[in-house]
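S.K.: Got a structure for you, questions after.
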Amino acid sequence: MGDRWHVEVDRGLCVGSGLCVHHAPGGFALDASRRSRPRSPGTDADEAVLAAAEGCPVEAITITLLPGGEAVFPPEE
């Protein structure tokens with residue numbers, strides 16, 4: 001069994017670039033206001049979702065492990 005992640009988008013930071021949807025169309029969608037949202041907050045670990053978080057120009061995407069909440073992205077310092 002693989003890791004499970006909780007994916008969250010800070011909609012106050014999101015600028016609607018759409019890069020997350022480009023990297024992980026199965027993981028993210030843009031709403032009518034062009035703000036990103038995860039298609040499912042709880043998801044299996046997915047390299048495309050991680051690439052989307054890493055590529056977000058304003059670092060609006062956070063990923064934590066389920067359960068427990070350990071940071072996946074951005075990594076803890």
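Identifiers for the structure tokens are assigned positionally: chains receive A, B, ... in sequence, residues are indexed from 1 per chain, and ligands are indexed from 1 in the order shown.
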Do you have, as a Markdown table, the list of residues of range 7-57 of chain A lying at most 9 Å from range 63-70 of chain A, each with its nearest atom pair and that distance in Å to one decimal, counting only C-alpha atoms and ordered by chain then number?
M.R.:
```
| residue | atom | partner | partner_atom | distance |
| --- | --- | --- | --- | --- |
| A:Val7 | CA | A:Ile63 | CA | 4.7 |
| A:Glu8 | CA | A:Ile63 | CA | 6.5 |
| A:Gly42 | CA | A:Leu66 | CA | 7.9 |
| A:Ala45 | CA | A:Leu65 | CA | 8.7 |
| A:Val49 | CA | A:Ile63 | CA | 8.9 |
| A:Leu50 | CA | A:Ile63 | CA | 7.9 |
| A:Ala53 | CA | A:Ile63 | CA | 7.8 |
```
S.K.: Can you spit out the residues from that selection as a PDB file, in the first residue's frame, using N, CA, C and O atoms?
M.R.:
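Okay, selection_16.pdb is ready:
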```pdb
ATOM      1  N   VAL A   7      -3.958  17.216  -0.134  1.00  0.00           N
ATOM      2  CA  VAL A   7      -3.533  18.308  -1.020  1.00  0.00           C
ATOM      3  C   VAL A   7      -4.429  19.509  -0.759  1.00  0.00           C
ATOM      4  O   VAL A   7      -5.659  19.382  -0.716  1.00  0.00           O
ATOM      5  N   GLU A   8      -3.808  20.661  -0.594  1.00  0.00           N
ATOM      6  CA  GLU A   8      -4.559  21.885  -0.318  1.00  0.00           C
ATOM      7  C   GLU A   8      -4.008  23.020  -1.174  1.00  0.00           C
ATOM      8  O   GLU A   8      -2.804  23.104  -1.408  1.00  0.00           O
ATOM      9  N   GLY A  42      -7.933  14.292  -0.543  1.00  0.00           N
ATOM     10  CA  GLY A  42      -7.216  13.085  -0.143  1.00  0.00           C
ATOM     11  C   GLY A  42      -6.946  12.241  -1.368  1.00  0.00           C
ATOM     12  O   GLY A  42      -7.870  11.871  -2.083  1.00  0.00           O
ATOM     13  N   ALA A  45      -0.393   9.125  -3.318  1.00  0.00           N
ATOM     14  CA  ALA A  45       0.815   9.835  -3.715  1.00  0.00           C
ATOM     15  C   ALA A  45       0.942   9.775  -5.239  1.00  0.00           C
ATOM     16  O   ALA A  45       0.704   8.738  -5.847  1.00  0.00           O
ATOM     17  N   VAL A  49       1.137  15.305  -9.196  1.00  0.00           N
ATOM     18  CA  VAL A  49       0.645  16.264  -8.203  1.00  0.00           C
ATOM     19  C   VAL A  49       1.826  16.954  -7.523  1.00  0.00           C
ATOM     20  O   VAL A  49       1.820  18.166  -7.321  1.00  0.00           O
ATOM     21  N   LEU A  50       2.873  16.192  -7.213  1.00  0.00           N
ATOM     22  CA  LEU A  50       4.065  16.782  -6.617  1.00  0.00           C
ATOM     23  C   LEU A  50       4.714  17.764  -7.595  1.00  0.00           C
ATOM     24  O   LEU A  50       5.114  18.861  -7.194  1.00  0.00           O
ATOM     25  N   ALA A  53       2.812  20.998  -7.517  1.00  0.00           N
ATOM     26  CA  ALA A  53       3.117  21.798  -6.328  1.00  0.00           C
ATOM     27  C   ALA A  53       4.475  22.475  -6.474  1.00  0.00           C
ATOM     28  O   ALA A  53       4.627  23.664  -6.173  1.00  0.00           O
TER      29      ALA A  53
END
```
S.K.: Can you tell me which residues surround His22 in chain A at a distance of at most 12 Å, considering only C-alpha atoms, apart from same-chain residues fewer than 2 positions away, and format the answer as JSON, numbers by chain?
M.R.: {"A": [16, 17, 18, 19, 20, 24, 25, 26, 27, 28, 29, 30, 36, 48, 49, 51, 52, 53, 55, 56]}
S.K.: Would you output that residue set with all heavy atoms, as a compact mmCIF listing (two decimals), in the first residue's frame?
M.R.:
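Writing the result to selection-v3.txt gives the following:
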```txt
# COMPACT_ATOMS: atom_id res chain seq x y z
N GLY A 16 -4.09 31.68 -10.48
CA GLY A 16 -4.78 31.09 -11.63
C GLY A 16 -3.92 30.88 -12.85
O GLY A 16 -4.42 30.95 -13.97
N SER A 17 -2.64 30.59 -12.66
CA SER A 17 -1.75 30.38 -13.81
C SER A 17 -2.12 29.14 -14.60
O SER A 17 -1.84 29.05 -15.78
CB SER A 17 -0.29 30.28 -13.35
OG SER A 17 -0.06 29.04 -12.69
N GLY A 18 -2.71 28.16 -13.95
CA GLY A 18 -3.09 26.92 -14.62
C GLY A 18 -1.97 25.91 -14.75
O GLY A 18 -2.17 24.84 -15.33
N LEU A 19 -0.79 26.22 -14.22
CA LEU A 19 0.33 25.27 -14.32
C LEU A 19 0.03 23.97 -13.60
O LEU A 19 0.44 22.90 -14.05
CB LEU A 19 1.61 25.90 -13.79
CG LEU A 19 2.23 26.97 -14.68
CD1 LEU A 19 3.41 27.63 -13.97
CD2 LEU A 19 2.67 26.38 -16.00
N CYS A 20 -0.70 24.04 -12.49
CA CYS A 20 -1.04 22.82 -11.76
C CYS A 20 -1.91 21.90 -12.61
O CYS A 20 -1.71 20.68 -12.64
CB CYS A 20 -1.72 23.15 -10.44
SG CYS A 20 -3.20 24.17 -10.60
N ALA A 24 -0.84 18.25 -13.68
CA ALA A 24 -1.64 17.17 -13.09
C ALA A 24 -3.13 17.41 -13.34
O ALA A 24 -3.88 17.77 -12.43
CB ALA A 24 -1.36 17.07 -11.60
N PRO A 25 -3.59 17.22 -14.58
CA PRO A 25 -5.01 17.48 -14.87
C PRO A 25 -5.95 16.59 -14.07
O PRO A 25 -7.09 16.99 -13.81
CB PRO A 25 -5.12 17.22 -16.36
CG PRO A 25 -3.92 16.42 -16.73
CD PRO A 25 -2.85 16.76 -15.75
N GLY A 26 -5.49 15.44 -13.64
CA GLY A 26 -6.32 14.58 -12.81
C GLY A 26 -6.34 15.00 -11.36
O GLY A 26 -7.18 14.55 -10.58
N GLY A 27 -5.42 15.89 -10.98
CA GLY A 27 -5.31 16.30 -9.59
C GLY A 27 -5.87 17.67 -9.27
O GLY A 27 -6.21 17.95 -8.12
N PHE A 28 -5.96 18.55 -10.30
CA PHE A 28 -6.38 19.92 -10.07
C PHE A 28 -7.36 20.38 -11.14
O PHE A 28 -7.34 19.88 -12.26
CB PHE A 28 -5.17 20.88 -10.07
CG PHE A 28 -4.19 20.59 -8.97
CD1 PHE A 28 -3.13 19.73 -9.20
CD2 PHE A 28 -4.35 21.14 -7.72
CE1 PHE A 28 -2.22 19.45 -8.19
CE2 PHE A 28 -3.46 20.87 -6.70
CZ PHE A 28 -2.39 20.02 -6.94
N ALA A 29 -8.17 21.36 -10.77
CA ALA A 29 -9.09 22.00 -11.71
C ALA A 29 -9.14 23.48 -11.37
O ALA A 29 -8.88 23.88 -10.23
CB ALA A 29 -10.48 21.39 -11.60
N LEU A 30 -9.45 24.30 -12.36
CA LEU A 30 -9.68 25.73 -12.13
C LEU A 30 -11.17 25.96 -12.06
O LEU A 30 -11.92 25.42 -12.88
CB LEU A 30 -9.07 26.57 -13.26
CG LEU A 30 -7.56 26.53 -13.41
CD1 LEU A 30 -7.12 27.43 -14.57
CD2 LEU A 30 -6.85 26.93 -12.14
N SER A 36 -7.33 27.63 -8.50
CA SER A 36 -7.14 26.19 -8.48
C SER A 36 -7.81 25.57 -7.27
O SER A 36 -7.96 26.20 -6.22
CB SER A 36 -5.64 25.89 -8.45
OG SER A 36 -5.43 24.50 -8.37
N ALA A 48 2.83 13.49 -10.49
CA ALA A 48 2.31 14.64 -11.24
C ALA A 48 1.79 15.71 -10.28
O ALA A 48 1.99 16.91 -10.52
CB ALA A 48 1.21 14.19 -12.20
N VAL A 49 1.14 15.31 -9.20
CA VAL A 49 0.65 16.26 -8.20
C VAL A 49 1.83 16.95 -7.52
O VAL A 49 1.82 18.17 -7.32
CB VAL A 49 -0.28 15.58 -7.19
CG1 VAL A 49 -0.61 16.50 -6.02
CG2 VAL A 49 -1.57 15.11 -7.88
N ALA A 51 4.80 17.41 -8.87
CA ALA A 51 5.37 18.32 -9.88
C ALA A 51 4.54 19.60 -9.97
O ALA A 51 5.10 20.70 -10.13
CB ALA A 51 5.44 17.63 -11.24
N ALA A 52 3.23 19.48 -9.85
CA ALA A 52 2.37 20.67 -9.88
C ALA A 52 2.66 21.58 -8.70
O ALA A 52 2.76 22.79 -8.85
CB ALA A 52 0.90 20.25 -9.89
N ALA A 53 2.81 21.00 -7.52
CA ALA A 53 3.12 21.80 -6.33
C ALA A 53 4.48 22.48 -6.47
O ALA A 53 4.63 23.66 -6.17
CB ALA A 53 3.09 20.92 -5.08
N GLY A 55 5.94 23.29 -9.18
CA GLY A 55 5.92 24.25 -10.27
C GLY A 55 5.01 25.45 -10.06
O GLY A 55 4.98 26.36 -10.88
N CYS A 56 4.27 25.46 -8.95
CA CYS A 56 3.36 26.59 -8.69
C CYS A 56 4.18 27.87 -8.51
O CYS A 56 5.04 27.93 -7.64
CB CYS A 56 2.52 26.31 -7.45
SG CYS A 56 1.41 27.68 -7.03
```
S.K.: Quick check for you: according to DSSP on this backbone, which residues of chain A are classed as strand (DSSP E)? Reply as a VMD selection string.
M.R.: chain A and resid 4 to 9 28 to 30 36 to 38 42 to 44 61 to 66 71 to 73
S.K.: Kindly indicate which residue among A:Thr62, A:Asp46, A:Val21, A:Arg35 lies nearest to His6 in chain A, using only C-alpha atoms for the distances.
M.R.: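 Checking each candidate against His6 in chain A, we get A:Thr62 as the closest.
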S.K.: Between A:Asp44, A:His23, A:Ala32, A:Glu76, which one has atoms that come closest to Gly2 in chain A, using only C-alpha atoms?
M.R.: A:Asp44
S.K.: Kindly give the distance, in Å, that separates CA of Asp31 in chain A and CA of Pro74 in chain A, rounded to a single decimal.
M.R.: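 Here the two named atoms are 23.7 Å from each other.
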S.K.: Set the distance at 7 Å and use only C-alpha atoms: which residues neighbour Thr43 in chain A once local chain neighbours fewer than 3 positions away are removed? I'd like the list as a list of chain:residue names.
M.R.: A:Arg4, A:Trp5, A:His6, A:Ser40
S.K.: Report as a list in words: the residues of chain A with a DSSP assignment of helix (DSSP H, G or I), based on the backbone of this structure.
M.R.: Leu19, Cys20, Val21, His22, His23, Glu47, Ala48, Val49, Leu50, Ala51, Ala52, Ala53, Glu54 and Gly55 of chain A
S.K.: Once you have the residues from the selection above, write them out as a tab-separated table (two decimals), in the first residue's frame, restricted to all heavy atoms.
M.R.:
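Final file, again_35.tsv:
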```
chain	number	residue	atom	x	y	z
A	19	LEU	N	-0.79	26.22	-14.22
A	19	LEU	CA	0.33	25.27	-14.32
A	19	LEU	C	0.03	23.97	-13.60
A	19	LEU	O	0.44	22.90	-14.05
A	19	LEU	CB	1.61	25.90	-13.79
A	19	LEU	CG	2.23	26.97	-14.68
A	19	LEU	CD1	3.41	27.63	-13.97
A	19	LEU	CD2	2.67	26.38	-16.00
A	20	CYS	N	-0.70	24.04	-12.49
A	20	CYS	CA	-1.04	22.82	-11.76
A	20	CYS	C	-1.91	21.90	-12.61
A	20	CYS	O	-1.71	20.68	-12.64
A	20	CYS	CB	-1.72	23.15	-10.44
A	20	CYS	SG	-3.20	24.17	-10.60
A	21	VAL	N	-2.86	22.49	-13.32
A	21	VAL	CA	-3.74	21.71	-14.19
A	21	VAL	C	-2.94	21.12	-15.35
A	21	VAL	O	-3.16	19.99	-15.77
A	21	VAL	CB	-4.92	22.56	-14.70
A	21	VAL	CG1	-5.77	21.79	-15.68
A	21	VAL	CG2	-5.76	23.05	-13.53
A	22	HIS	N	-1.97	21.88	-15.84
A	22	HIS	CA	-1.10	21.39	-16.92
A	22	HIS	C	-0.29	20.18	-16.46
A	22	HIS	O	-0.21	19.18	-17.17
A	22	HIS	CB	-0.17	22.51	-17.40
A	22	HIS	CG	0.85	22.05	-18.37
A	22	HIS	ND1	0.55	21.80	-19.69
A	22	HIS	CD2	2.17	21.78	-18.22
A	22	HIS	CE1	1.64	21.39	-20.31
A	22	HIS	NE2	2.64	21.38	-19.44
A	23	HIS	N	0.31	20.28	-15.26
A	23	HIS	CA	1.14	19.19	-14.73
A	23	HIS	C	0.32	17.99	-14.28
A	23	HIS	O	0.75	16.85	-14.45
A	23	HIS	CB	1.99	19.67	-13.55
A	23	HIS	CG	3.14	20.52	-13.92
A	23	HIS	ND1	4.23	20.06	-14.62
A	23	HIS	CD2	3.38	21.83	-13.70
A	23	HIS	CE1	5.09	21.05	-14.80
A	23	HIS	NE2	4.59	22.14	-14.25
A	47	GLU	N	3.30	11.53	-8.53
A	47	GLU	CA	4.41	12.38	-8.98
A	47	GLU	C	3.93	13.61	-9.75
A	47	GLU	O	4.53	14.67	-9.67
A	47	GLU	CB	5.39	11.57	-9.84
A	47	GLU	CG	6.21	10.57	-9.05
A	47	GLU	CD	7.07	11.22	-7.98
A	47	GLU	OE1	7.71	12.25	-8.25
A	47	GLU	OE2	7.10	10.69	-6.85
A	48	ALA	N	2.83	13.49	-10.49
A	48	ALA	CA	2.31	14.64	-11.24
A	48	ALA	C	1.79	15.71	-10.28
A	48	ALA	O	1.99	16.91	-10.52
A	48	ALA	CB	1.21	14.19	-12.20
A	49	VAL	N	1.14	15.31	-9.20
A	49	VAL	CA	0.65	16.26	-8.20
A	49	VAL	C	1.83	16.95	-7.52
A	49	VAL	O	1.82	18.17	-7.32
A	49	VAL	CB	-0.28	15.58	-7.19
A	49	VAL	CG1	-0.61	16.50	-6.02
A	49	VAL	CG2	-1.57	15.11	-7.88
A	50	LEU	N	2.87	16.19	-7.21
A	50	LEU	CA	4.07	16.78	-6.62
A	50	LEU	C	4.71	17.76	-7.59
A	50	LEU	O	5.11	18.86	-7.19
A	50	LEU	CB	5.06	15.70	-6.21
A	50	LEU	CG	6.36	16.19	-5.57
A	50	LEU	CD1	6.08	17.01	-4.32
A	50	LEU	CD2	7.27	15.01	-5.26
A	51	ALA	N	4.80	17.41	-8.87
A	51	ALA	CA	5.37	18.32	-9.88
A	51	ALA	C	4.54	19.60	-9.97
A	51	ALA	O	5.10	20.70	-10.13
A	51	ALA	CB	5.44	17.63	-11.24
A	52	ALA	N	3.23	19.48	-9.85
A	52	ALA	CA	2.37	20.67	-9.88
A	52	ALA	C	2.66	21.58	-8.70
A	52	ALA	O	2.76	22.79	-8.85
A	52	ALA	CB	0.90	20.25	-9.89
A	53	ALA	N	2.81	21.00	-7.52
A	53	ALA	CA	3.12	21.80	-6.33
A	53	ALA	C	4.48	22.48	-6.47
A	53	ALA	O	4.63	23.66	-6.17
A	53	ALA	CB	3.09	20.92	-5.08
A	54	GLU	N	5.45	21.74	-6.95
A	54	GLU	CA	6.79	22.29	-7.13
A	54	GLU	C	6.82	23.38	-8.19
A	54	GLU	O	7.61	24.32	-8.10
A	54	GLU	CB	7.78	21.19	-7.49
A	54	GLU	CG	8.02	20.21	-6.37
A	54	GLU	CD	8.84	19.01	-6.78
A	54	GLU	OE1	8.89	18.66	-7.98
A	54	GLU	OE2	9.43	18.38	-5.88
A	55	GLY	N	5.94	23.29	-9.18
A	55	GLY	CA	5.92	24.25	-10.27
A	55	GLY	C	5.01	25.45	-10.06
A	55	GLY	O	4.98	26.36	-10.88
```
S.K.: Could you jot down the CA of Pro41 in chain A to CA of Leu13 in chain A separation for me, Å, one decimal place?
M.R.: 17.5 Å
S.K.: Could you work out how far CA of Arg39 in chain A lies from CA of Val15 in chain A, giving the answer in Å with one decimal?
M.R.: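 Those two atoms sit 17.6 Å apart.
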